[in-house]
Amino acid sequence: MSLSKYRLLTFDVYGTLVDWESGIIAALQPSLQKSQSPSKPTRSQILHAYHALERAQQTATPSMLYCDVLATIHGPLCAKLSLPTPSESESREFGESIGNWPAFPDTVRALYRLKEKYKLVVLSNVDRESFAKTNAGSLQGFEFDAIITAQDVGSYKPDIRNFEFMLEQVKERFGVSREEVLQTAQSQFHDHHPAKKVGVKSVWIVRPGAIMGNLEENVFDWKFDTLGDMADAVEAEAEAEQQ
């Protein structure tokens with residue numbers, strides 16, 4: 001199998017390009033600091049609780065904007081973690097924190113390297129405004145070839161409608177077929193399993209230590225720890241083909 005046969009990469013953003021786990025922990029700091037309890041929840045406890053609440057809310061309200069999903073689950077998250085009940089403004093700030101979540105150190109440079117070979121398309125579970133803040137912030141204004149959000153589709157991954165919508169868009173806009181697309185993502189739950197269902201090959205960006213989105217069964221066609229490692233492999237393959 002050759003990476004060079006593909007023409008377009010579709011990226012999950014939060015968890016793959018952006019360190020959403022650290023972003024969520026940082027956004028929860030005001031509630032953690034207000035807690036009078038001598039024992040604070042661990043990073044793992046916070047993220048497992050967040051992921052479960054996020055998944056349930058997205059299933060119940062597939063058309064809700066992601067920033068509103070965050071604001072809505074903030075109170076239940078605090079309750080589950082035995083933290084003080086947040087005010088409405090505090091929950092709204094939690095929802096708006098997306099634009100402050102940091103990119104992984106290798107992300108931006110790797111995107112520029114990969115863009116020399118592929119069309120790069122966002123397939124994200126957020127809303128357009130939240131992604132625009134991230135793109136202008138930690139992604140340093142990187143210009144993707146297309147941006148598809150859950151808001152555009154009206155559902156959240158792992159719903160296969162998101163992938164079918166993406167395939168229609170890249171075929172219409174770039175003339176790229178299903179067999180030429182690589183879903184590039186960290187989450188097995190949100191990305192790799194549904195991508196397999198619709199016949200799209202995938203690259204697993206593991207992000208070692210990641211907690212959210214993991215499943216017992218891992219499906220993928222290529223596997224790299226970081227996006228930078230993937231860019232190295234793509235360039236090495238291109239050099240080998242030229243020799």
# chains A, B, ... in the order shown; residues from 1 in each chain; ligands from 1
>>> residues_around(residues="Thr10 (chain A)", least_positions_apart="6", cutoff="10 Å", atoms="only C-alpha atoms", output="compact mmCIF listing (two decimals) with N, CA and C atoms, in the first residue's frame")
# COMPACT_ATOMS: atom_id res chain seq x y z
N TYR A 118 -1.08 16.74 -1.01
CA TYR A 118 -2.51 16.45 -0.97
C TYR A 118 -3.38 17.70 -0.89
N LYS A 119 -4.65 17.55 -1.27
CA LYS A 119 -5.68 18.48 -0.87
C LYS A 119 -5.97 18.18 0.61
N LEU A 120 -6.18 19.22 1.41
CA LEU A 120 -6.42 19.03 2.84
C LEU A 120 -7.80 19.57 3.20
N VAL A 121 -8.64 18.71 3.75
CA VAL A 121 -10.03 19.05 4.04
C VAL A 121 -10.34 18.77 5.51
N VAL A 122 -10.98 19.72 6.16
CA VAL A 122 -11.43 19.56 7.54
C VAL A 122 -12.76 18.82 7.55
N LEU A 123 -12.87 17.80 8.40
CA LEU A 123 -14.14 17.13 8.67
C LEU A 123 -14.30 17.07 10.19
N SER A 124 -14.83 18.15 10.75
CA SER A 124 -14.79 18.35 12.20
C SER A 124 -16.17 18.30 12.84
N ALA A 146 -10.85 22.88 1.98
CA ALA A 146 -12.29 22.91 2.26
C ALA A 146 -12.50 22.66 3.75
N ILE A 147 -13.59 23.18 4.27
CA ILE A 147 -13.93 23.02 5.68
C ILE A 147 -15.36 22.51 5.78
N ILE A 148 -15.52 21.34 6.39
CA ILE A 148 -16.83 20.74 6.61
C ILE A 148 -16.99 20.51 8.10
N PHE A 163 -19.58 11.47 6.78
CA PHE A 163 -18.61 10.97 5.81
C PHE A 163 -19.20 10.94 4.41
N MET A 166 -19.14 14.45 3.15
CA MET A 166 -17.77 14.81 2.77
C MET A 166 -17.41 14.22 1.41
N LEU A 167 -17.75 12.95 1.18
CA LEU A 167 -17.43 12.31 -0.09
C LEU A 167 -18.12 12.99 -1.26
N VAL A 170 -16.15 16.44 -1.84
CA VAL A 170 -14.82 16.38 -2.46
C VAL A 170 -14.91 15.88 -3.90
N VAL A 181 -9.31 9.14 -1.03
CA VAL A 181 -9.43 9.89 0.22
C VAL A 181 -8.84 9.09 1.38
N LEU A 182 -8.12 9.79 2.25
CA LEU A 182 -7.60 9.20 3.48
C LEU A 182 -8.13 9.98 4.68
N GLN A 183 -8.94 9.32 5.53
CA GLN A 183 -9.37 9.96 6.76
C GLN A 183 -8.19 9.93 7.74
N THR A 184 -7.80 11.08 8.24
CA THR A 184 -6.59 11.21 9.06
C THR A 184 -7.00 11.71 10.44
N ALA A 185 -6.91 10.84 11.45
CA ALA A 185 -7.55 11.17 12.72
C ALA A 185 -6.98 10.37 13.88
N SER A 202 -7.92 4.85 6.18
CA SER A 202 -7.62 5.83 7.23
C SER A 202 -6.20 5.71 7.76
N VAL A 203 -5.74 6.86 8.24
CA VAL A 203 -4.44 6.97 8.91
C VAL A 203 -4.70 7.31 10.37
>>> closest_atom_pairs(of="region 102-214 of chain A", to="region 27-49 of chain A", cutoff="10 Å", atoms="only C-alpha atoms", output="CSV")
residue,atom,partner,partner_atom,distance
A:Ala210,CA,A:Ser44,CA,9.6
A:Ile211,CA,A:Leu47,CA,6.9
A:Met212,CA,A:Leu47,CA,6.6
A:Gly213,CA,A:His48,CA,9.5
>>> residues_around(residues="Val69 (chain A)", least_positions_apart="4", cutoff="9 Å", atoms="only C-alpha atoms", output="PyMOL selection string")
chain A and resi 54+57-58+61+64-65+73-74+95
>>> residues_around(residues="Ser177 (chain A)", least_positions_apart="5", cutoff="12 Å", atoms="only C-alpha atoms", output="MDAnalysis selection string")
chainID A and resid 5:9 164 166:172 182 199:201
>>> write_last_selection(atoms="all heavy atoms", output="tab-separated table (two decimals), in the first residue's frame")
chain	number	residue	atom	x	y	z
A	5	LYS	N	-0.70	7.14	-3.57
A	5	LYS	CA	-1.82	6.91	-4.49
A	5	LYS	C	-3.03	7.77	-4.13
A	5	LYS	O	-3.96	7.89	-4.92
A	5	LYS	CB	-2.21	5.44	-4.50
A	5	LYS	CG	-2.80	4.93	-3.20
A	5	LYS	CD	-3.28	3.49	-3.31
A	5	LYS	CE	-4.66	3.42	-3.93
A	5	LYS	NZ	-5.27	2.07	-3.80
A	6	TYR	N	-3.02	8.36	-2.94
A	6	TYR	CA	-4.16	9.15	-2.48
A	6	TYR	C	-3.97	10.63	-2.84
A	6	TYR	O	-2.86	11.12	-2.95
A	6	TYR	CB	-4.37	8.98	-0.97
A	6	TYR	CG	-4.69	7.53	-0.64
A	6	TYR	CD1	-3.68	6.62	-0.37
A	6	TYR	CD2	-6.00	7.08	-0.65
A	6	TYR	CE1	-3.97	5.29	-0.11
A	6	TYR	CE2	-6.30	5.76	-0.39
A	6	TYR	CZ	-5.28	4.87	-0.12
A	6	TYR	OH	-5.56	3.55	0.13
A	7	ARG	N	-5.09	11.33	-3.01
A	7	ARG	CA	-5.04	12.72	-3.44
A	7	ARG	C	-5.52	13.70	-2.37
A	7	ARG	O	-5.23	14.90	-2.46
A	7	ARG	CB	-5.90	12.91	-4.69
A	7	ARG	CG	-5.41	12.17	-5.92
A	7	ARG	CD	-6.40	12.33	-7.08
A	7	ARG	NE	-6.66	13.74	-7.37
A	7	ARG	CZ	-7.71	14.17	-8.07
A	7	ARG	NH1	-8.61	13.31	-8.52
A	7	ARG	NH2	-7.88	15.46	-8.31
A	8	LEU	N	-6.25	13.21	-1.36
A	8	LEU	CA	-6.88	14.13	-0.43
A	8	LEU	C	-6.92	13.54	0.98
A	8	LEU	O	-7.25	12.37	1.15
A	8	LEU	CB	-8.31	14.43	-0.93
A	8	LEU	CG	-9.15	15.46	-0.18
A	8	LEU	CD1	-10.04	16.23	-1.17
A	8	LEU	CD2	-10.03	14.79	0.87
A	9	LEU	N	-6.57	14.37	1.96
A	9	LEU	CA	-6.65	13.99	3.37
A	9	LEU	C	-7.81	14.73	4.02
A	9	LEU	O	-7.94	15.94	3.86
A	9	LEU	CB	-5.36	14.34	4.11
A	9	LEU	CG	-4.03	13.84	3.54
A	9	LEU	CD1	-2.89	14.28	4.43
A	9	LEU	CD2	-4.04	12.33	3.37
A	164	GLU	N	-20.46	10.58	4.31
A	164	GLU	CA	-21.11	10.59	3.00
A	164	GLU	C	-21.20	12.00	2.43
A	164	GLU	O	-20.99	12.23	1.24
A	164	GLU	CB	-22.50	9.95	3.11
A	164	GLU	CG	-22.44	8.46	3.41
A	164	GLU	CD	-23.78	7.87	3.79
A	164	GLU	OE1	-24.68	8.65	4.16
A	164	GLU	OE2	-23.92	6.63	3.72
A	166	MET	N	-19.14	14.45	3.15
A	166	MET	CA	-17.77	14.81	2.77
A	166	MET	C	-17.41	14.22	1.41
A	166	MET	O	-16.84	14.90	0.55
A	166	MET	CB	-16.79	14.32	3.83
A	166	MET	CG	-15.31	14.49	3.49
A	166	MET	SD	-14.62	13.07	2.55
A	166	MET	CE	-14.66	11.78	3.79
A	167	LEU	N	-17.75	12.95	1.18
A	167	LEU	CA	-17.43	12.31	-0.09
A	167	LEU	C	-18.12	12.99	-1.26
A	167	LEU	O	-17.54	13.15	-2.33
A	167	LEU	CB	-17.80	10.82	-0.03
A	167	LEU	CG	-16.90	9.96	0.87
A	167	LEU	CD1	-17.51	8.58	1.05
A	167	LEU	CD2	-15.50	9.84	0.29
A	168	GLU	N	-19.36	13.40	-1.05
A	168	GLU	CA	-20.08	14.14	-2.10
A	168	GLU	C	-19.39	15.47	-2.40
A	168	GLU	O	-19.25	15.86	-3.56
A	168	GLU	CB	-21.52	14.38	-1.66
A	168	GLU	CG	-22.37	13.13	-1.58
A	168	GLU	CD	-23.72	13.40	-0.96
A	168	GLU	OE1	-23.99	14.57	-0.60
A	168	GLU	OE2	-24.52	12.45	-0.82
A	169	GLN	N	-18.96	16.16	-1.34
A	169	GLN	CA	-18.34	17.47	-1.49
A	169	GLN	C	-17.00	17.39	-2.22
A	169	GLN	O	-16.72	18.19	-3.12
A	169	GLN	CB	-18.16	18.13	-0.13
A	169	GLN	CG	-19.45	18.57	0.54
A	169	GLN	CD	-20.08	19.73	-0.19
A	169	GLN	OE1	-19.46	20.76	-0.41
A	169	GLN	NE2	-21.34	19.56	-0.59
A	170	VAL	N	-16.15	16.44	-1.84
A	170	VAL	CA	-14.82	16.38	-2.46
A	170	VAL	C	-14.91	15.88	-3.90
A	170	VAL	O	-14.07	16.23	-4.74
A	170	VAL	CB	-13.83	15.53	-1.63
A	170	VAL	CG1	-13.68	16.10	-0.22
A	170	VAL	CG2	-14.24	14.06	-1.57
A	171	LYS	N	-15.93	15.07	-4.20
A	171	LYS	CA	-16.13	14.63	-5.58
A	171	LYS	C	-16.57	15.81	-6.43
A	171	LYS	O	-16.06	16.02	-7.55
A	171	LYS	CB	-17.19	13.53	-5.62
A	171	LYS	CG	-17.45	12.97	-7.02
A	171	LYS	CD	-16.23	12.24	-7.55
A	171	LYS	CE	-16.54	11.56	-8.86
A	171	LYS	NZ	-15.35	10.87	-9.42
A	172	GLU	N	-17.50	16.60	-5.90
A	172	GLU	CA	-18.04	17.74	-6.64
A	172	GLU	C	-17.01	18.85	-6.80
A	172	GLU	O	-16.89	19.44	-7.88
A	172	GLU	CB	-19.27	18.28	-5.91
A	172	GLU	CG	-19.92	19.48	-6.56
A	172	GLU	CD	-21.11	19.99	-5.78
A	172	GLU	OE1	-21.81	19.18	-5.15
A	172	GLU	OE2	-21.35	21.22	-5.79
A	182	LEU	N	-8.12	9.79	2.25
A	182	LEU	CA	-7.60	9.20	3.48
A	182	LEU	C	-8.13	9.98	4.68
A	182	LEU	O	-7.83	11.17	4.82
A	182	LEU	CB	-6.07	9.23	3.51
A	182	LEU	CG	-5.29	8.10	2.86
A	182	LEU	CD1	-3.80	8.39	2.94
A	182	LEU	CD2	-5.61	6.76	3.52
A	199	GLY	N	-16.15	2.73	3.48
A	199	GLY	CA	-15.15	2.33	2.50
A	199	GLY	C	-14.03	3.33	2.29
A	199	GLY	O	-13.42	3.36	1.22
A	200	VAL	N	-13.75	4.15	3.31
A	200	VAL	CA	-12.66	5.13	3.23
A	200	VAL	C	-11.47	4.62	4.04
A	200	VAL	O	-11.62	4.25	5.21
A	200	VAL	CB	-13.10	6.51	3.76
A	200	VAL	CG1	-11.92	7.47	3.88
A	200	VAL	CG2	-14.18	7.10	2.86
A	201	LYS	N	-10.30	4.58	3.44
A	201	LYS	CA	-9.08	4.18	4.15
A	201	LYS	C	-8.70	5.25	5.16
A	201	LYS	O	-9.08	6.42	5.03
A	201	LYS	CB	-7.93	3.97	3.16
A	201	LYS	CG	-8.19	2.90	2.11
A	201	LYS	CD	-8.30	1.52	2.72
A	201	LYS	CE	-8.42	0.45	1.65
A	201	LYS	NZ	-8.56	-0.90	2.23
>>> closest_residue(among="A:Ile25, A:Ala240, A:Ala231, A:Ala150", to="Arg113 (chain A)", atoms="only C-alpha atoms")
A:Ala231
>>> closest_residue(among="A:Ala26, A:Val153, A:Ala110, A:Val18", to="Val234 (chain A)", atoms="only C-alpha atoms")
A:Ala110
>>> closest_residue(among="A:Leu139, A:Leu81, A:Leu17, A:Ile98", to="Val206 (chain A)", atoms="only C-alpha atoms")
A:Leu17
>>> closest_residue(among="A:Gln242, A:Val198, A:Gln188, A:Gly141", to="Lys223 (chain A)", atoms="only C-alpha atoms")
A:Gln188
>>> select_by_dssp(residues="region 54-177 of chain A", states="strand (DSSP E)", output="ChimeraX atom specification")
/A:119-124,146-149
>>> residues_around(residues="Gly23 (chain A)", least_positions_apart="6", cutoff="9 Å", atoms="only C-alpha atoms", output="list of chain:residue names")
A:Ser97, A:Ile98, A:Asn100, A:Trp101, A:Pro102
>>> write_last_selection(atoms="C-alpha atoms", output="CSV table (one decimal), in the first residue's frame")
chain,number,residue,atom,x,y,z
A,97,SER,CA,-13.2,28.0,25.2
A,98,ILE,CA,-12.7,26.0,22.0
A,100,ASN,CA,-8.3,28.7,23.0
A,101,TRP,CA,-7.5,25.0,22.7
A,102,PRO,CA,-3.8,24.6,21.7
>>> select_by_dssp(residues="region 10-203 of chain A", states="alpha helix (DSSP H)", output="PyMOL selection string")
chain A and resi 20-27+29-34+43-60+66-80+88-95+107-115+128-136+150-153+160-174+193-197
>>> closest_residue(among="A:Phe94, A:Tyr14, A:Phe165, A:Trp222", to="Met1 (chain A)", atoms="only C-alpha atoms")
A:Trp222
>>> decode(residues="region 6-80 of chain A", atoms="C-alpha atoms", output="compact mmCIF listing (two decimals), in the first residue's frame")
# COMPACT_ATOMS: atom_id res chain seq x y z
CA TYR A 6 -4.16 9.15 -2.48
CA ARG A 7 -5.04 12.72 -3.44
CA LEU A 8 -6.88 14.13 -0.43
CA LEU A 9 -6.65 13.99 3.37
CA THR A 10 -9.70 14.64 5.52
CA PHE A 11 -8.80 15.73 9.02
CA ASP A 12 -10.50 15.38 12.29
CA VAL A 13 -9.27 18.52 14.08
CA TYR A 14 -9.87 18.25 17.82
CA GLY A 15 -7.76 15.39 19.11
CA THR A 16 -5.71 15.12 15.90
CA LEU A 17 -4.50 18.63 15.09
CA VAL A 18 -5.58 20.35 18.29
CA ASP A 19 -4.94 19.07 21.82
CA TRP A 20 -8.56 19.17 22.92
CA GLU A 21 -7.89 17.12 26.05
CA SER A 22 -5.51 19.75 27.43
CA GLY A 23 -7.90 22.46 26.23
CA ILE A 24 -10.82 20.93 28.12
CA ILE A 25 -8.76 20.53 31.30
CA ALA A 26 -7.67 24.17 31.08
CA ALA A 27 -11.25 25.34 30.49
CA LEU A 28 -12.39 23.45 33.59
CA GLN A 29 -9.78 25.10 35.84
CA PRO A 30 -12.13 27.80 37.22
CA SER A 31 -14.47 25.09 38.53
CA LEU A 32 -11.59 23.01 39.87
CA GLN A 33 -10.17 26.02 41.68
CA LYS A 34 -13.54 26.83 43.27
CA SER A 35 -13.85 23.34 44.70
CA GLN A 36 -13.29 23.05 48.45
CA SER A 37 -12.78 19.31 48.26
CA PRO A 38 -9.28 18.11 49.28
CA SER A 39 -9.37 15.49 46.52
CA LYS A 40 -9.60 16.73 42.96
CA PRO A 41 -10.70 14.56 40.02
CA THR A 42 -7.88 13.16 37.92
CA ARG A 43 -7.30 14.05 34.27
CA SER A 44 -8.56 10.60 33.30
CA GLN A 45 -11.74 10.97 35.37
CA ILE A 46 -12.46 14.39 33.86
CA LEU A 47 -11.97 13.27 30.27
CA HIS A 48 -13.92 10.02 30.61
CA ALA A 49 -16.81 11.95 32.16
CA TYR A 50 -16.63 14.65 29.49
CA HIS A 51 -16.57 12.16 26.64
CA ALA A 52 -19.61 10.27 27.94
CA LEU A 53 -21.63 13.46 28.42
CA GLU A 54 -20.58 14.89 25.05
CA ARG A 55 -21.51 11.68 23.25
CA ALA A 56 -24.96 11.54 24.90
CA GLN A 57 -25.69 15.21 24.16
CA GLN A 58 -24.62 14.98 20.53
CA THR A 59 -26.81 11.91 20.07
CA ALA A 60 -29.79 13.62 21.68
CA THR A 61 -29.36 16.95 19.86
CA PRO A 62 -27.47 16.33 16.58
CA SER A 63 -28.19 19.82 15.25
CA MET A 64 -26.99 21.66 18.36
CA LEU A 65 -23.89 23.79 17.75
CA TYR A 66 -20.79 22.33 19.38
CA CYS A 67 -20.14 25.40 21.50
CA ASP A 68 -23.67 24.98 22.86
CA VAL A 69 -23.06 21.28 23.47
CA LEU A 70 -20.11 22.24 25.67
CA ALA A 71 -22.09 24.88 27.52
CA THR A 72 -24.96 22.44 28.06
CA ILE A 73 -22.83 19.62 29.48
CA HIS A 74 -20.71 21.91 31.67
CA GLY A 75 -23.15 21.78 34.58
CA PRO A 76 -23.65 18.00 34.44
CA LEU A 77 -19.88 17.55 34.10
CA CYS A 78 -19.27 19.58 37.25
CA ALA A 79 -21.97 17.61 39.07
CA LYS A 80 -20.47 14.30 37.98
